[in-house]
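Here is data-v7.cif, consisting of mmCIF, C-alpha atoms:
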```cif
data_model
loop_
_atom_site.label_atom_id
_atom_site.label_comp_id
_atom_site.auth_asym_id
_atom_site.auth_seq_id
_atom_site.Cartn_x
_atom_site.Cartn_y
_atom_site.Cartn_z
CA MET A 1 9.88 44.88 24.46
CA ASN A 2 8.16 46.96 21.84
CA ALA A 3 6.16 45.56 18.90
CA GLY A 4 8.82 46.43 16.30
CA LYS A 5 11.50 44.50 18.15
CA ALA A 6 9.20 41.46 18.56
CA ILE A 7 8.39 41.48 14.83
CA ALA A 8 12.09 41.68 13.95
CA ILE A 9 12.94 38.74 16.23
CA GLY A 10 10.03 36.73 14.77
CA CYS A 11 11.14 37.45 11.20
CA LEU A 12 14.71 36.45 12.07
CA ALA A 13 13.48 33.18 13.59
CA VAL A 14 11.38 32.41 10.49
CA ALA A 15 14.34 33.19 8.23
CA LEU A 16 16.63 30.87 10.25
CA VAL A 17 14.08 28.03 10.13
CA ALA A 18 13.69 28.52 6.35
CA LEU A 19 17.47 28.52 5.87
CA MET A 20 17.84 25.32 7.91
CA GLY A 21 15.05 23.71 5.85
CA MET A 22 16.79 24.64 2.60
CA LEU A 23 20.10 23.21 3.86
CA VAL A 24 18.46 19.93 4.89
CA LEU A 25 16.64 19.71 1.55
CA GLY A 26 19.88 20.45 -0.33
CA ALA A 27 21.76 17.73 1.58
CA PHE A 28 18.96 15.24 0.91
CA LEU A 29 18.88 16.02 -2.82
CA TYR A 30 22.67 15.77 -3.02
CA HIS A 31 22.54 12.32 -1.38
CA VAL A 32 19.75 11.06 -3.64
CA ALA A 33 21.50 12.36 -6.77
CA GLN A 34 24.57 10.20 -6.12
CA ASP A 35 24.86 6.80 -7.80
CA PRO A 36 24.87 4.02 -5.22
CA GLU A 37 28.41 2.84 -4.53
CA GLY A 38 29.30 -0.72 -5.41
CA ILE A 39 26.64 -1.44 -8.02
CA ALA A 40 27.27 -2.06 -11.73
CA ILE A 41 24.44 -2.77 -14.15
CA ALA A 42 24.24 -4.09 -17.69
CA VAL A 43 21.14 -4.13 -19.88
CA ASP A 44 21.01 -6.75 -22.63
CA VAL A 45 18.17 -6.46 -25.12
CA PRO A 46 17.79 -7.28 -28.83
CA LEU A 47 18.29 -4.29 -31.10
CA ASP A 48 15.63 -5.46 -33.60
CA VAL A 49 12.51 -7.58 -33.07
CA ALA A 50 9.38 -8.33 -35.09
CA LEU A 51 5.86 -7.31 -34.16
CA ASP A 52 4.31 -9.93 -31.79
CA GLU A 53 7.75 -11.41 -31.07
CA THR A 54 8.56 -12.26 -27.44
CA PHE A 55 12.10 -11.48 -26.30
CA PRO A 56 14.09 -11.00 -23.06
CA LEU A 57 15.23 -7.71 -21.57
CA VAL A 58 17.94 -8.83 -19.12
CA VAL A 59 19.15 -6.47 -16.39
CA THR A 60 22.27 -7.85 -14.72
CA VAL A 61 23.28 -6.24 -11.45
CA THR A 62 26.72 -6.82 -9.94
CA ASN A 63 27.81 -6.02 -6.40
CA THR A 64 31.33 -4.69 -6.91
CA ARG A 65 31.93 -4.25 -3.18
CA GLU A 66 34.59 -6.47 -1.63
CA GLU A 67 33.03 -6.98 1.78
CA GLN A 68 29.48 -5.65 2.04
CA PRO A 69 26.31 -7.12 0.60
CA VAL A 70 24.01 -4.79 -1.29
CA THR A 71 20.22 -4.87 -1.46
CA ILE A 72 18.59 -4.25 -4.82
CA ASN A 73 15.18 -2.80 -4.08
CA ASP A 74 13.65 -2.11 -7.50
CA VAL A 75 14.17 -2.24 -11.22
CA ASP A 76 12.33 0.61 -12.97
CA ILE A 77 11.70 0.62 -16.73
CA ALA A 78 10.76 3.87 -18.47
CA ASP A 79 7.29 4.23 -19.96
CA GLU A 80 8.96 5.47 -23.17
CA TYR A 81 10.53 2.06 -23.62
CA LEU A 82 7.57 -0.04 -22.46
CA ALA A 83 5.16 1.88 -24.73
CA GLY A 84 5.85 -0.65 -27.49
CA PHE A 85 5.70 -3.79 -25.39
CA VAL A 86 3.69 -5.81 -22.91
CA VAL A 87 5.50 -7.55 -20.04
CA VAL A 88 4.71 -11.26 -20.37
CA SER A 89 6.70 -12.51 -17.35
CA VAL A 90 9.49 -11.58 -14.97
CA ASP A 91 12.19 -13.92 -13.63
CA PRO A 92 12.70 -13.97 -10.72
CA ALA A 93 9.11 -13.01 -9.95
CA GLU A 94 8.77 -9.53 -8.52
CA GLN A 95 7.34 -9.01 -5.03
CA SER A 96 5.16 -6.21 -6.40
CA SER A 97 4.96 -3.81 -9.30
CA MET A 98 3.43 -0.39 -9.76
CA HIS A 99 3.43 2.57 -12.10
CA ILE A 100 5.37 5.63 -10.88
CA PRO A 101 3.72 8.67 -12.54
CA LEU A 102 6.30 11.14 -11.20
CA ASP A 103 9.11 9.13 -12.84
CA ASN A 104 7.08 7.92 -15.85
CA SER A 105 8.18 4.35 -15.27
CA MET A 106 7.01 0.92 -14.22
CA SER A 107 8.68 -0.19 -10.98
CA TYR A 108 9.27 -3.84 -10.12
CA THR A 109 10.18 -4.54 -6.47
CA PHE A 110 12.57 -7.41 -5.70
CA ASN A 111 14.39 -6.53 -2.43
CA THR A 112 17.15 -8.97 -3.36
CA GLU A 113 20.43 -9.06 -1.43
CA LEU A 114 23.63 -9.63 -3.42
CA ALA A 115 26.74 -10.97 -1.71
CA PRO A 116 30.03 -9.15 -2.36
CA GLY A 117 31.29 -9.86 -5.88
CA SER A 118 28.09 -11.62 -6.97
CA SER A 119 25.70 -10.84 -9.82
CA LYS A 120 21.98 -11.37 -10.38
CA ALA A 121 20.05 -11.28 -13.64
CA PHE A 122 16.50 -9.93 -13.73
CA THR A 123 14.77 -11.07 -16.93
CA PHE A 124 11.72 -9.28 -18.28
CA ASN A 125 10.11 -11.24 -21.11
CA LEU A 126 8.45 -8.71 -23.39
CA ARG A 127 6.15 -9.05 -26.40
CA ALA A 128 6.31 -6.39 -29.11
CA GLN A 129 2.86 -4.89 -29.61
CA GLU A 130 3.64 -1.82 -31.71
CA THR A 131 6.10 -0.96 -34.49
CA GLY A 132 8.63 1.82 -33.98
CA ILE A 133 11.79 2.71 -32.12
CA PHE A 134 11.49 2.39 -28.34
CA ARG A 135 14.17 3.80 -26.07
CA GLY A 136 14.23 4.53 -22.36
CA GLU A 137 16.11 4.29 -19.11
CA VAL A 138 16.31 1.24 -16.91
CA ASP A 139 17.04 2.18 -13.29
CA VAL A 140 18.23 -0.10 -10.50
CA THR A 141 17.54 1.29 -7.04
CA GLN A 142 19.20 0.78 -3.71
CA GLY A 143 17.26 2.70 -1.10
CA MET A 144 16.64 6.15 -2.55
CA GLN A 145 19.63 6.06 -4.91
CA PHE A 146 19.71 4.60 -8.38
CA THR A 147 21.97 3.89 -11.30
CA SER A 148 20.77 3.82 -14.90
CA ALA A 149 21.38 2.31 -18.30
CA VAL A 150 19.49 2.75 -21.57
CA ALA A 151 17.48 0.14 -23.46
CA GLN A 152 16.55 0.53 -27.12
CA THR A 153 14.67 -1.83 -29.41
CA VAL A 154 13.35 -1.34 -32.94
CA VAL A 155 10.13 -3.20 -33.68
CA GLY A 156 9.49 -4.00 -37.35
CA GLU A 157 6.59 -5.65 -39.12
CA ALA A 158 6.31 -9.41 -38.64
CA GLY A 159 8.25 -11.22 -41.34
CA ALA A 160 10.69 -8.34 -41.81
CA GLN A 161 14.32 -9.33 -41.66
CA SER A 162 15.93 -8.70 -38.27
CA THR A 163 19.63 -8.34 -37.61
CA ASP A 164 19.32 -10.45 -34.42
CA GLU A 165 21.90 -8.27 -32.72
CA SER A 166 21.69 -7.24 -29.13
CA VAL A 167 22.88 -4.13 -27.39
CA THR A 168 24.53 -4.15 -23.98
CA GLU A 169 25.09 -1.02 -21.91
#
```

Take the structure in this file and express it as structure tokens.
Amino acid sequence: MNAGKAIAIGCLAVALVALMGMLVLGAFLYHVAQDPEGIAIAVDVPLDVALDETFPLVVTVTNTREEQPVTINDVDIADEYLAGFVVVSVDPAEQSSMHIPLDNSMSYTFNTELAPGSSKAFTFNLRAQETGIFRGEVDVTQGMQFTSAVAQTVVGEAGAQSTDESVTE
């Protein structure tokens, strides 16, 4: 076999390996981009709060499957939303929490199993520490897939009149 033929076979092998890698990566990204089946979420948070006020952000997750349990791994709250607040407590208590720089969010790990047709509320008690409009995604993860809703709260000066409304998505 001459050198030119060996180089051509080597280049073909490299091209096939690269193509297979791209196909595997594409299949993985397609899978991750799908919403997990059988999970519905609702985010309930006051629309208006006063500076230094403590209030609940409630994330309710429902297993809409008829026969299979579902495991809720994490609840992630966007940095954009949390920029105006400090998390005072979480109920139920998280197993762990960490900042995810790639996602710009705070991730709270629960690893909670929900029976078919059941719901679970995750309550984050927040204290407003800055005035402004704070909006961001709340993600609920199952494995590597997630589903999202949006939370928004307007923080006004203490003593300002609030509408005491809440928004549910």

Distance criterion (only C-alpha atoms): nearest to A:Val75 out of A:Val155, A:Ala40, A:Met106, A:Ile100: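 Selected residue with least distance to A:Val75: A:Met106.
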
Between atom CA of A:Ala149 and atom CA of A:Tyr81, what is the distance in Å, rounded to a tenth?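 About the pair atom CA of A:Ala149 and atom CA of A:Tyr81: they are 12.1 Å apart.
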
Using only C-alpha atoms, which of the listed residues (A:Asn63, A:Thr141, A:Gln68, A:Ser89) sits closest to A:Ser107? A:Thr141

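When atom CA of A:Pro56 is paired with atom CA of A:Asn125, their separation reads 4.4 Å.
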
Kindly resolve the PyMOL selection byres ((chain A and resi 44) around 12) on the present coordinates and return the residues as a ChimeraX atom specification. /A:41-43,45-47,55-61,121-125,138,149-153,165-169

Give me the result of the PyMOL selection byres ((chain A and resi 103) around 10) on this file, residue by residue, as an mmCIF file with C-alpha atoms, keeping the file's coordinate frame.
```cif
data_model
loop_
_atom_site.group_PDB
_atom_site.id
_atom_site.type_symbol
_atom_site.label_atom_id
_atom_site.label_comp_id
_atom_site.auth_asym_id
_atom_site.auth_seq_id
_atom_site.Cartn_x
_atom_site.Cartn_y
_atom_site.Cartn_z
ATOM 1 C CA ASP A 76 12.330 0.610 -12.970
ATOM 2 C CA ILE A 77 11.700 0.620 -16.730
ATOM 3 C CA ALA A 78 10.760 3.870 -18.470
ATOM 4 C CA ASP A 79 7.290 4.230 -19.960
ATOM 5 C CA HIS A 99 3.430 2.570 -12.100
ATOM 6 C CA ILE A 100 5.370 5.630 -10.880
ATOM 7 C CA PRO A 101 3.720 8.670 -12.540
ATOM 8 C CA LEU A 102 6.300 11.140 -11.200
ATOM 9 C CA ASN A 104 7.080 7.920 -15.850
ATOM 10 C CA SER A 105 8.180 4.350 -15.270
ATOM 11 C CA MET A 106 7.010 0.920 -14.220
ATOM 12 C CA SER A 107 8.680 -0.190 -10.980
#
```

Selection: 9 Å around A:Ile72, all atoms listed in the file, excl. self and same-chain fewer than 4 positions, as a list in words: Val61, Thr109, Phe110, Asn111, Thr112, Glu113, Leu114, Val140, Thr141, Gln142 and Gly143 of chain A

Residues from last step as file, C-alpha atoms, as a short mmCIF file (atom, residue, chain, number, x, y, z; two decimals), keeping the file's coordinate frame:
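Printed below is again.cif as written:
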```cif
data_model
loop_
_atom_site.label_atom_id
_atom_site.label_comp_id
_atom_site.auth_asym_id
_atom_site.auth_seq_id
_atom_site.Cartn_x
_atom_site.Cartn_y
_atom_site.Cartn_z
CA VAL A 61 23.28 -6.24 -11.45
CA THR A 109 10.18 -4.54 -6.47
CA PHE A 110 12.57 -7.41 -5.70
CA ASN A 111 14.39 -6.53 -2.43
CA THR A 112 17.15 -8.97 -3.36
CA GLU A 113 20.43 -9.06 -1.43
CA LEU A 114 23.63 -9.63 -3.42
CA VAL A 140 18.23 -0.10 -10.50
CA THR A 141 17.54 1.29 -7.04
CA GLN A 142 19.20 0.78 -3.71
CA GLY A 143 17.26 2.70 -1.10
#
```

I'd like the residues picked by the PyMOL selection byres ((chain A and resi 128) around 8) written out as a list in words, using the chain letters and numbers from the file. Val49, Ala50, Leu51, Asp52, Glu53, Thr54, Gly84, Phe85, Val86, Leu126, Arg127, Gln129, Glu130, Thr131 and Val155 of chain A

How far is it from atom CA of A:Glu157 to atom CA of A:Gly136, in Å with one decimal? 21.0 Å

Which one is closest to A:Thr64: A:Gly4, A:Ala158, A:Leu12, A:Ala115? Count only C-alpha atoms. A:Ala115

Would you mind telling me which residue in A:Ser97, A:Ser118, A:Arg135, A:Ile39 lies nearest to A:Glu80 when using only C-alpha atoms? A:Arg135

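Residues of protein, DNA and RNA with at least one atom no farther than 7 Å from (12.0, 3.1, -34.5) are, using only C-alpha atoms, Gly132, Ile133, Phe134, Val154 and Val155 of chain A.
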
A:Gly38, A:Gln145, A:Val87, A:Leu82 ranked by distance to A:Pro116, top pick (using all atoms listed in the file):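 Closest residue, counting all atoms listed in the file: A:Gly38.
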